[in-house]
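File shown: run36.txt. Contents: compact mmCIF, C-alpha atoms and all ligand atoms.
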```
# COMPACT_ATOMS: atom_id res chain seq x y z
CA MET A 1 149.57 103.93 156.86
CA ILE A 2 148.19 105.65 159.92
CA LEU A 3 146.70 109.11 159.47
CA LYS A 4 146.45 111.55 162.31
CA LYS A 5 142.92 112.86 162.59
CA ILE A 6 141.49 115.91 164.21
CA PHE A 7 137.88 116.35 165.17
CA PHE A 8 136.50 119.79 165.89
CA PRO A 9 132.82 119.81 166.88
CA MET A 10 130.90 122.57 165.11
CA TYR A 11 127.21 122.06 164.47
CA ASP A 12 125.86 122.93 161.02
CA CYS A 13 129.21 124.00 159.60
CA SER A 14 128.38 125.20 156.10
CA LYS A 15 131.85 125.98 154.83
CA ALA A 16 135.47 125.55 155.87
CA MET A 17 138.40 127.01 153.96
CA ALA A 18 142.08 126.15 154.36
CA ARG A 19 144.60 128.93 153.74
CA ASP A 20 147.83 130.13 155.31
CA PHE A 21 146.26 133.07 157.13
CA ASP A 22 149.27 133.86 159.32
CA ASN A 23 151.90 133.42 156.57
CA ASP A 24 153.90 130.84 158.54
CA GLY A 25 153.91 128.21 155.79
CA ASP A 26 151.15 125.90 157.03
CA LEU A 27 147.45 125.82 156.30
CA ASP A 28 145.03 127.21 158.84
CA ILE A 29 141.25 126.83 158.69
CA ILE A 30 138.34 129.21 158.91
CA ALA A 31 134.88 127.71 159.27
CA ALA A 32 131.40 129.23 159.35
CA SER A 33 128.02 127.78 160.26
CA LEU A 34 124.65 128.13 158.62
CA PHE A 35 121.66 127.25 160.72
CA GLY A 36 118.44 126.57 158.86
CA SER A 37 116.61 128.73 161.35
CA TYR A 38 117.75 131.25 163.92
CA GLN A 39 119.02 129.76 167.15
CA GLU A 40 118.76 132.26 169.97
CA ASN A 41 120.94 130.13 172.22
CA LYS A 42 123.69 129.77 169.65
CA LYS A 43 127.18 129.93 171.09
CA PRO A 44 130.13 131.85 169.62
CA THR A 45 131.83 128.49 169.14
CA GLU A 46 129.10 127.59 166.64
CA SER A 47 129.29 130.68 164.45
CA ILE A 48 132.68 131.53 162.93
CA VAL A 49 135.77 129.65 164.06
CA TYR A 50 139.41 130.24 163.14
CA LEU A 51 141.67 127.24 163.62
CA MET A 52 145.32 128.27 163.70
CA ASN A 53 147.69 125.50 162.74
CA ASN A 54 150.38 125.07 165.42
CA GLY A 55 152.09 122.32 163.42
CA ASN A 56 151.84 118.53 163.60
CA MET A 57 148.05 118.72 163.08
CA ASP A 58 147.54 120.66 166.30
CA PHE A 59 145.08 123.57 165.96
CA SER A 60 144.10 126.41 168.31
CA ALA A 61 140.54 127.69 168.00
CA SER A 62 139.53 131.36 168.12
CA TYR A 63 136.00 132.75 168.01
CA ILE A 64 134.31 136.04 167.23
CA PRO A 65 131.48 136.49 169.77
CA GLU A 66 130.14 139.63 168.09
CA VAL A 67 129.02 137.72 164.98
CA MET A 68 127.29 134.82 166.66
CA HIS A 69 123.85 135.89 165.42
CA GLY A 70 124.64 135.35 161.75
CA ASN A 71 123.53 132.35 159.73
CA TRP A 72 126.63 132.37 157.55
CA LEU A 73 125.63 131.24 154.10
CA THR A 74 128.68 132.19 152.08
CA MET A 75 132.36 132.86 152.64
CA GLU A 76 135.34 133.80 150.47
CA VAL A 77 139.00 134.53 151.18
CA GLY A 78 141.23 137.14 149.56
CA ASP A 79 143.54 140.01 150.35
CA PHE A 80 140.92 142.72 150.06
CA ASN A 81 142.99 145.55 151.57
CA LYS A 82 146.27 144.52 149.88
CA ASP A 83 148.33 144.24 153.07
CA ASN A 84 149.63 140.75 152.11
CA LEU A 85 147.46 139.14 154.78
CA LEU A 86 144.40 137.14 153.83
CA ASP A 87 141.00 138.53 154.76
CA VAL A 88 137.63 136.79 154.92
CA VAL A 89 134.29 138.05 153.65
CA LEU A 90 131.08 136.41 154.84
CA GLY A 91 127.43 136.82 154.02
CA THR A 92 124.57 135.89 156.30
CA TYR A 93 121.11 134.60 155.63
CA VAL A 94 117.83 135.59 157.26
CA PHE A 95 114.87 133.45 156.23
CA ASP A 96 112.01 135.89 156.76
CA VAL A 97 110.77 138.91 158.72
CA GLN A 98 109.79 136.79 161.72
CA GLU A 99 113.31 135.45 161.98
CA LEU A 100 114.68 138.98 161.61
CA MET A 101 112.39 140.21 164.41
CA LYS A 102 113.59 137.38 166.66
CA ILE A 103 117.23 138.32 166.02
CA ILE A 104 116.46 141.97 166.80
CA GLU A 105 114.64 140.94 169.98
CA VAL A 106 117.60 138.88 171.19
CA ASN A 107 120.21 141.47 170.12
CA GLY A 108 118.30 144.45 171.41
CA ASN A 109 118.86 146.39 168.20
CA ALA A 110 118.61 146.04 164.43
CA LYS A 111 122.35 146.37 163.73
CA ILE A 112 122.98 142.90 162.44
CA PRO A 113 125.84 142.37 159.97
CA GLN A 114 124.60 141.05 156.64
CA VAL A 115 128.00 141.14 154.99
CA LEU A 116 131.08 140.93 157.16
CA LEU A 117 134.72 141.55 156.23
CA LEU A 118 137.31 140.19 158.65
CA THR A 119 140.79 141.67 158.29
CA GLN A 120 143.95 141.03 160.25
CA PHE A 121 146.02 143.58 162.14
CA CA B 1 149.53 129.21 158.87
CA CA B 2 144.47 141.76 153.85
```
Write the structure described by the file as structure tokens, please.
Ligand SMILES: [Ca+2]
Ligand SMILES: [Ca+2]
Amino acid sequence: MILKKIFFPMYDCSKAMARDFDNDGDLDIIAASLFGSYQENKKPTESIVYLMNNGNMDFSASYIPEVMHGNWLTMEVGDFNKDNLLDVVLGTYVFDVQELMKIIEVNGNAKIPQVLLLTQF
């Protein structure tokens, strides 16, 4: 038996969940990363990634640049707004005040999402 494999590089991925997010009958993947300490040079591709299943184990990756400063500790999937499309809720982790100050310095403001709800439209 030969299994087709996919490899998607994502450093410090803390959780990946497979669900049919686009209701087309196949499983897609959402993955989030937790870094042990804040990485100011972190890329959007290393934060939250949505892998849409195109069939035959072919996936297209999408990113959310606005949330790249989170250290995503927890994630859950559900239809929170009852529109029959799955949503994703994430929670981030900040180790201490020094790390928080570094994030604020890099972001330029203190508006950092601690809990994030992603919905589809
Ligand atoms: Ca799907
Ligand atoms: Ca929904």
- Task: Considering all atoms listed in the file, return as a list in words whatever protein or nucleic-acid residues lie within 12 Å of Val115 of chain A, sequence-local ones (same chain, fewer than 6 positions apart) excluded.
- Result: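 Here the answer would be Val67, Gly70, Asn71, Trp72, Leu73, Thr74, Met75, Glu76, Val88, Val89, Leu90, Gly91, Thr92, Tyr93 and Val94 of chain A.
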- Message: Residues near Asp22 of chain A, anyone? I mean within 12 Å using only C-alpha atoms, not counting same-chain ones fewer than 6 positions away, as a PyMOL selection string.
- Response: chain A and resi 28-30+50-54+84-87+119-121
- Query: What is the distance between atom CA of Ile64 of chain A and atom CA of Asp79 of chain A, in Å to one decimal?
  - Reply: 19.6 Å
- Item | atom CA of Ala31 of chain A to atom CA of Ala61 of chain A, distance in Å rounded to a single decimal | 10.4 Å
- Message: Is it possible to get the residues within 12 Å of (145.4, 116.1, 162.4) (coordinates as in the file, counting only C-alpha atoms) written as a ChimeraX atom specification?
- Response: /A:2-8,27-28,51,53-60
- Item | Neighbours of point (121.9, 139.2, 168.9) within 9 Å, using only C-alpha atoms, written as number ranges by chain | A: 40, 66-70, 102-112
- Message: Using only C-alpha atoms and all ligand atoms, can you tell me which of A:Phe95, A:Ser62, A:Phe21, A:Phe35 comes closest to ligand CA 2 (chain B)?
- Response: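 When distances to ligand CA 2 (chain B) are compared using only C-alpha atoms and all ligand atoms, the smallest one comes from A:Phe21.
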- What is the atom CA of Lys43 of chain A to atom CA of Asp20 of chain A distance in Å?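 Taking atom CA of Lys43 of chain A and atom CA of Asp20 of chain A, their separation equals 26.0 Å.
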- Task: Would you please work out which residue, of A:Leu117, A:Ala32, A:Val97, A:Ala18, is nearest to ligand CA 1 (chain B) when using only C-alpha atoms and all ligand atoms?
- Result: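 So, comparing all the options, the nearest one is A:Ala18.
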Give, as AutoDock Vina command-line options, the centre coordinates and the x, y and z edge lengths in Å to one decimal for an axis-aligned box around all listed atoms of segment 53-69 of chain A, padded by 8 Å on each side.
```
--center_x 138.0 --center_y 129.1 --center_z 166.3 --size_x 44.2 --size_y 37.1 --size_z 23.0
```
- Query: Hey, which of A:Leu34, A:Asn23, A:Val49, A:Met1 ends up closest to ligand CA 2 (chain B)? Count only C-alpha atoms and all ligand atoms.
  - Reply: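 Of all the options, A:Asn23 lies closest to ligand CA 2 (chain B).
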- Query: Counting only C-alpha atoms and all ligand atoms, which of A:Asp96, A:Pro65, A:Asp26, A:Gln114 gets nearest to ligand CA 1 (chain B)?
  - Reply: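 Closest to ligand CA 1 (chain B), using only C-alpha atoms and all ligand atoms: A:Asp26.
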